[in-house]
$ cat data.txt   # compact mmCIF, C-alpha atoms
# COMPACT_ATOMS: atom_id res chain seq x y z
CA MET A 4 0.25 4.27 -21.93
CA ALA A 5 -1.67 5.19 -18.80
CA ILE A 6 -5.40 5.87 -18.91
CA THR A 7 -6.41 9.38 -17.85
CA PHE A 8 -8.86 9.80 -14.95
CA THR A 9 -10.45 12.90 -13.47
CA ASP A 10 -10.04 14.07 -9.91
CA ARG A 11 -13.70 13.20 -9.27
CA GLU A 12 -13.16 9.66 -10.53
CA MET A 13 -10.07 9.29 -8.35
CA GLN A 14 -11.94 10.46 -5.25
CA ARG A 15 -14.87 8.18 -6.07
CA ALA A 16 -12.44 5.24 -6.47
CA TRP A 17 -10.98 6.12 -3.06
CA ARG A 18 -14.39 6.19 -1.37
CA GLU A 19 -15.81 3.10 -3.09
CA ASN A 20 -12.73 0.94 -2.59
CA PHE A 21 -12.53 1.96 1.05
CA SER A 22 -16.22 1.24 1.56
CA ALA A 23 -15.89 -2.16 -0.12
CA SER A 24 -12.85 -3.01 2.01
CA HIS A 25 -15.03 -3.04 5.13
CA ASN A 26 -16.27 -6.44 6.09
CA HIS A 27 -19.31 -6.41 8.31
CA ASN A 28 -18.83 -9.94 9.63
CA ARG A 29 -15.32 -9.02 10.85
CA VAL A 30 -13.51 -11.76 8.94
CA ARG A 31 -10.58 -10.14 7.15
CA THR A 32 -9.32 -11.64 3.91
CA ASN A 33 -6.75 -10.74 1.28
CA ALA A 34 -9.60 -9.49 -0.92
CA HIS A 35 -10.58 -6.90 1.72
CA ARG A 36 -6.97 -5.87 2.22
CA LEU A 37 -6.41 -5.54 -1.52
CA LEU A 38 -9.34 -3.15 -1.79
CA LEU A 39 -7.96 -1.21 1.19
CA PHE A 40 -4.56 -0.99 -0.52
CA TYR A 41 -6.17 0.35 -3.70
CA ALA A 42 -8.32 2.76 -1.67
CA VAL A 43 -5.20 4.19 -0.03
CA GLU A 44 -3.39 4.42 -3.36
CA CYS A 45 -6.34 6.25 -4.98
CA GLY A 46 -6.81 8.44 -1.91
CA LEU A 47 -3.19 9.57 -1.85
CA LYS A 48 -3.31 10.26 -5.58
CA ALA A 49 -6.52 12.27 -5.08
CA VAL A 50 -4.75 14.30 -2.37
CA LEU A 51 -1.80 14.85 -4.72
CA MET A 52 -4.12 16.05 -7.51
CA LYS A 53 -5.92 18.37 -5.09
CA ARG A 54 -2.63 19.88 -3.93
CA LYS A 55 -1.36 20.31 -7.49
CA GLU A 56 -4.74 21.80 -8.42
CA VAL A 57 -5.14 19.51 -11.44
CA SER A 58 -8.34 17.86 -12.59
CA ARG A 59 -6.83 15.00 -14.64
CA THR A 60 -4.21 12.38 -13.89
CA ASP A 61 -2.30 13.10 -17.11
CA LEU A 62 -1.61 16.59 -15.75
CA CYS A 63 0.09 15.15 -12.68
CA PRO A 64 3.25 13.27 -13.79
CA GLU A 65 4.00 12.20 -10.20
CA ILE A 66 1.07 9.78 -10.35
CA LEU A 67 2.76 7.75 -13.07
CA LYS A 68 6.15 8.13 -11.38
CA TYR A 69 4.99 6.78 -7.99
CA GLY A 70 2.87 3.95 -9.39
CA HIS A 71 1.66 1.63 -6.59
CA ASP A 72 4.33 2.75 -4.11
CA ILE A 73 2.46 4.10 -1.08
CA ASN A 74 5.72 5.20 0.59
CA GLU A 75 6.77 7.20 -2.48
CA LEU A 76 3.36 8.86 -2.58
CA LEU A 77 3.68 9.78 1.11
CA GLU A 78 7.18 11.16 0.61
CA GLY A 79 6.01 13.16 -2.41
CA LEU A 80 3.13 14.64 -0.43
CA TYR A 81 5.10 15.30 2.75
CA PRO A 82 8.74 15.89 1.77
CA GLY A 83 11.11 16.20 4.72
CA ASN A 84 8.43 15.24 7.25
CA ASN A 85 10.19 13.33 10.04
CA SER A 86 6.93 11.89 11.40
CA LEU A 87 6.28 9.96 8.15
CA GLN A 88 7.51 6.75 9.80
CA ILE A 89 4.18 6.32 11.60
CA TRP A 90 2.47 6.03 8.21
CA LYS A 91 5.12 4.44 6.01
CA LEU A 92 4.99 0.76 5.21
CA PRO A 93 8.03 -1.45 5.95
CA GLU A 94 10.67 -1.14 3.24
CA GLN A 95 11.54 -4.86 3.16
CA LEU A 96 8.90 -7.53 3.40
CA PHE A 97 9.00 -11.29 3.06
CA ILE A 98 6.50 -14.02 2.28
CA GLN A 99 6.92 -17.78 2.59
CA ASP A 100 9.98 -19.11 0.74
CA ILE A 101 9.38 -21.41 -2.20
CA GLN A 102 10.73 -24.93 -1.78
CA ASP A 103 10.95 -26.82 -5.07
CA ASN A 104 12.17 -30.40 -4.88
CA SER A 105 10.99 -31.55 -8.32
CA TYR A 106 14.37 -31.85 -10.10
CA VAL A 107 16.87 -29.87 -8.10
CA LYS A 108 16.38 -28.81 -4.52
CA ILE A 109 15.79 -25.09 -4.73
CA LYS A 110 14.79 -22.72 -1.97
CA GLN A 111 13.79 -19.30 -3.23
CA GLU A 112 13.49 -16.40 -0.79
CA ARG A 113 10.68 -14.03 -1.71
CA GLN A 114 11.52 -10.51 -0.64
CA LEU A 115 9.48 -7.56 -1.81
CA THR A 116 9.00 -3.86 -1.40
CA PRO A 117 5.85 -1.86 -0.53
CA ASP A 118 4.90 -1.35 -4.17
CA ASN A 119 4.39 -5.15 -4.44
CA ILE A 120 1.90 -5.47 -1.57
CA ASN A 121 -1.06 -5.46 -3.94
CA GLN A 122 0.39 -8.50 -5.76
CA ILE A 123 0.78 -10.48 -2.55
CA TRP A 124 -2.85 -9.98 -1.59
CA ARG A 125 -4.12 -10.37 -5.17
CA TYR A 126 -2.45 -13.77 -5.55
CA GLY A 127 -3.23 -15.11 -2.08
CA GLY A 128 0.15 -14.65 -0.38
CA LYS A 129 0.61 -13.86 3.29
CA PHE A 130 3.28 -11.77 4.94
CA ILE A 131 5.34 -13.68 7.44
CA LEU A 132 8.60 -11.87 8.13
CA LYS A 133 10.35 -8.56 7.80
CA LYS A 134 14.09 -8.11 7.71
CA ASP A 135 15.30 -6.07 10.69
CA GLU A 136 18.96 -5.08 10.74
CA ASN A 137 18.80 -4.33 14.49
CA LYS A 138 18.02 -7.94 15.43
CA ARG A 139 20.72 -10.62 15.55
CA SER A 140 18.51 -13.10 13.70
CA GLY A 141 17.96 -10.54 10.93
CA ARG A 142 14.19 -11.06 10.94
CA THR A 143 11.19 -10.11 13.02
CA GLU A 144 7.55 -11.05 12.62
CA ILE A 145 5.16 -8.96 10.53
CA THR A 146 1.70 -9.98 9.46
CA ASP A 147 -1.00 -8.99 6.99
CA GLU A 148 -2.80 -7.42 9.96
CA ASP A 149 0.25 -5.20 10.69
CA ILE A 150 0.24 -3.90 7.12
CA GLU A 151 -3.52 -3.41 7.26
CA LYS A 152 -3.19 -1.31 10.45
CA LYS A 153 -0.62 0.92 8.73
CA LEU A 154 -2.96 1.38 5.77
CA LEU A 155 -5.80 2.31 8.13
CA LYS A 156 -3.59 5.02 9.67
CA ILE A 157 -3.06 6.41 6.18
CA VAL A 158 -6.84 6.34 5.64
CA GLU A 159 -7.23 8.78 8.55
CA LEU A 160 -4.67 11.08 6.94
CA ILE A 161 -6.43 10.95 3.56
CA GLN A 162 -9.82 11.69 5.13
CA LYS A 163 -8.43 14.83 6.80
CA GLU A 164 -6.67 15.99 3.64
CA LEU A 165 -9.69 15.56 1.36
CA GLN A 166 -12.02 17.33 3.81
CA ARG A 167 -9.90 20.48 3.71
CA PRO A 168 -11.14 23.22 1.39

$ encode --input "data.txt" --output "structure tokens"
Amino acid sequence: MAITFTDREMQRAWRENFSASHNHNRVRTNAHRLLLFYAVECGLKAVLMKRKEVSRTDLCPEILKYGHDINELLEGLYPGNNSLQIWKLPEQLFIQDIQDNSYVKIKQERQLTPDNINQIWRYGGKFILKKDENKRSGRTEITDEDIEKKLLKIVELIQKELQRP
């Protein structure tokens, strides 16, 4: 069962997580990116609540439906918007494969979707590759910094949306 939060709490979570995600000595870590991810998630949910004119999360079933999926939140807020690609996170992401040689040689590919980004940063993973069907190799480089830049673009969108009356 999900815990109910008010619209004020959601907006405060957005502001405080975003503020905490700033690092004044310019060294970026997974901890800063994780707070940025949660800031964006809370910010988009605050925008959704504002648009639906609800004051509690339990009155907005989309919040539970979308979970941590930033892309789903964006699509729910801007259905049919062709320019969403500038904000959306890559659909397929990869982190370092696991190589286990203890008993049987096993190589496990770790592919994930945007709703798993918070887990990667929470547990210390780093993005290394993204599958790209247009390339012959099937993969192109993507980094934590690339994902962070996308999240910062979404921050600008959230700031504009929440400033509107």

$ closest_atom_pairs --input "data.txt" --of "region 20-50 of chain A" --to "region 145-158 of chain A" --cutoff "9 Å" --atoms "only C-alpha atoms" --output "CSV"
residue,atom,partner,partner_atom,distance
A:Phe21,CA,A:Val158,CA,8.5
A:Arg31,CA,A:Glu148,CA,8.7
A:Asn33,CA,A:Asp147,CA,8.3
A:Arg36,CA,A:Glu151,CA,6.6
A:Leu39,CA,A:Leu154,CA,7.3
A:Phe40,CA,A:Leu154,CA,6.9
A:Ala42,CA,A:Val158,CA,8.3
A:Val43,CA,A:Val158,CA,6.3
A:Gly46,CA,A:Val158,CA,7.8
A:Leu47,CA,A:Ile157,CA,8.6

$ residues_around --input "data.txt" --residues "Leu62 (chain A)" --least-positions-apart "6" --cutoff "10 Å" --atoms "only C-alpha atoms" --output "PyMOL selection string"
chain A and resi 7-9+52+55-56

$ closest_residue --input "data.txt" --among "A:Ile73, A:Leu165, A:Cys45, A:Arg11" --to "Pro117 (chain A)" --atoms "all atoms listed in the file"
A:Ile73

$ residues_around --input "data.txt" --residues "Gln111 (chain A)" --least-positions-apart "5" --cutoff "12 Å" --atoms "all atoms listed in the file" --output "VMD selection string"
chain A and resid 97 to 104

$ closest_residue --input "data.txt" --among "A:His71, A:Arg113, A:Arg59, A:Lys91" --to "Leu37 (chain A)" --atoms "all atoms listed in the file"
A:His71

$ atom_distance --input "data.txt" --atom1 "CA of Met13 (chain A)" --atom2 "CA of Ile66 (chain A)"
11.3 Å

$ atom_distance --input "data.txt" --atom1 "CA of Leu96 (chain A)" --atom2 "CA of Ile131 (chain A)"
8.2 Å

$ closest_residue --input "data.txt" --among "A:Gln95, A:Asp10, A:Ile89, A:Ser22" --to "Val57 (chain A)" --atoms "all atoms listed in the file"
A:Asp10

$ closest_residue --input "data.txt" --among "A:Lys110, A:Asn119, A:Pro93, A:Ile161" --to "Glu144 (chain A)" --atoms "only C-alpha atoms"
A:Pro93

$ atom_distance --input "data.txt" --atom1 "CA of Glu75 (chain A)" --atom2 "CA of Gln114 (chain A)"
18.4 Å

$ decode --input "data.txt" --residues "region 42-73 of chain A" --atoms "N, CA and C atoms" --output "tab-separated table (two decimals), in the first residue's frame"
chain	number	residue	atom	x	y	z
A	42	ALA	N	14.40	14.08	-7.34
A	42	ALA	CA	13.85	15.43	-7.50
A	42	ALA	C	12.98	15.50	-8.76
A	43	VAL	N	13.48	14.97	-9.85
A	43	VAL	CA	12.72	14.98	-11.11
A	43	VAL	C	11.44	14.16	-10.97
A	44	GLU	N	11.56	12.99	-10.35
A	44	GLU	CA	10.36	12.16	-10.15
A	44	GLU	C	9.31	12.92	-9.33
A	45	CYS	N	9.72	13.51	-8.20
A	45	CYS	CA	8.78	14.26	-7.36
A	45	CYS	C	8.25	15.49	-8.08
A	46	GLY	N	9.11	16.16	-8.83
A	46	GLY	CA	8.69	17.35	-9.57
A	46	GLY	C	7.64	17.03	-10.61
A	47	LEU	N	7.85	15.96	-11.38
A	47	LEU	CA	6.86	15.58	-12.39
A	47	LEU	C	5.55	15.15	-11.74
A	48	LYS	N	5.64	14.48	-10.60
A	48	LYS	CA	4.42	14.09	-9.90
A	48	LYS	C	3.70	15.31	-9.33
A	49	ALA	N	4.46	16.31	-8.88
A	49	ALA	CA	3.85	17.56	-8.41
A	49	ALA	C	3.14	18.27	-9.55
A	50	VAL	N	3.76	18.27	-10.73
A	50	VAL	CA	3.13	18.88	-11.92
A	50	VAL	C	1.84	18.13	-12.25
A	51	LEU	N	1.89	16.81	-12.21
A	51	LEU	CA	0.71	15.99	-12.49
A	51	LEU	C	-0.42	16.31	-11.51
A	52	MET	N	-0.09	16.41	-10.23
A	52	MET	CA	-1.10	16.73	-9.22
A	52	MET	C	-1.69	18.12	-9.45
A	53	LYS	N	-0.84	19.06	-9.82
A	53	LYS	CA	-1.30	20.42	-10.09
A	53	LYS	C	-2.27	20.42	-11.27
A	54	ARG	N	-1.92	19.70	-12.33
A	54	ARG	CA	-2.79	19.65	-13.51
A	54	ARG	C	-4.11	18.97	-13.22
A	55	LYS	N	-4.07	17.92	-12.40
A	55	LYS	CA	-5.29	17.18	-12.06
A	55	LYS	C	-6.09	17.89	-10.97
A	56	GLU	N	-5.50	18.96	-10.41
A	56	GLU	CA	-6.12	19.74	-9.35
A	56	GLU	C	-6.48	18.87	-8.14
A	57	VAL	N	-5.50	18.04	-7.73
A	57	VAL	CA	-5.69	17.22	-6.54
A	57	VAL	C	-4.66	17.61	-5.51
A	58	SER	N	-5.01	17.44	-4.25
A	58	SER	CA	-4.11	17.86	-3.17
A	58	SER	C	-3.46	16.69	-2.45
A	59	ARG	N	-3.80	15.44	-2.87
A	59	ARG	CA	-3.21	14.25	-2.23
A	59	ARG	C	-2.87	13.22	-3.31
A	60	THR	N	-1.79	12.50	-3.06
A	60	THR	CA	-1.36	11.50	-4.05
A	60	THR	C	-2.37	10.37	-4.23
A	61	ASP	N	-3.12	10.02	-3.19
A	61	ASP	CA	-4.10	8.94	-3.33
A	61	ASP	C	-5.27	9.32	-4.24
A	62	LEU	N	-5.38	10.59	-4.56
A	62	LEU	CA	-6.43	11.06	-5.46
A	62	LEU	C	-5.93	11.15	-6.91
A	63	CYS	N	-4.72	10.70	-7.13
A	63	CYS	CA	-4.11	10.75	-8.45
A	63	CYS	C	-3.56	9.35	-8.78
A	64	PRO	N	-4.39	8.45	-9.31
A	64	PRO	CA	-3.96	7.07	-9.53
A	64	PRO	C	-2.78	6.92	-10.49
A	65	GLU	N	-2.55	7.92	-11.34
A	65	GLU	CA	-1.43	7.86	-12.28
A	65	GLU	C	-0.09	7.81	-11.55
A	66	ILE	N	-0.02	8.42	-10.37
A	66	ILE	CA	1.23	8.43	-9.61
A	66	ILE	C	1.66	7.01	-9.28
A	67	LEU	N	0.74	6.20	-8.83
A	67	LEU	CA	1.06	4.81	-8.53
A	67	LEU	C	1.35	4.03	-9.82
A	68	LYS	N	0.58	4.33	-10.85
A	68	LYS	CA	0.74	3.64	-12.14
A	68	LYS	C	2.12	3.88	-12.74
A	69	TYR	N	2.61	5.11	-12.72
A	69	TYR	CA	3.88	5.45	-13.35
A	69	TYR	C	5.09	5.07	-12.50
A	70	GLY	N	4.93	4.99	-11.20
A	70	GLY	CA	6.03	4.61	-10.33
A	70	GLY	C	7.25	5.51	-10.50
A	71	HIS	N	8.42	4.89	-10.73
A	71	HIS	CA	9.67	5.64	-10.90
A	71	HIS	C	9.99	5.92	-12.37
A	72	ASP	N	9.07	5.63	-13.26
A	72	ASP	CA	9.35	5.74	-14.70
A	72	ASP	C	9.17	7.18	-15.18
A	73	ILE	N	10.29	7.88	-15.31
A	73	ILE	CA	10.28	9.29	-15.74
A	73	ILE	C	9.64	9.42	-17.12
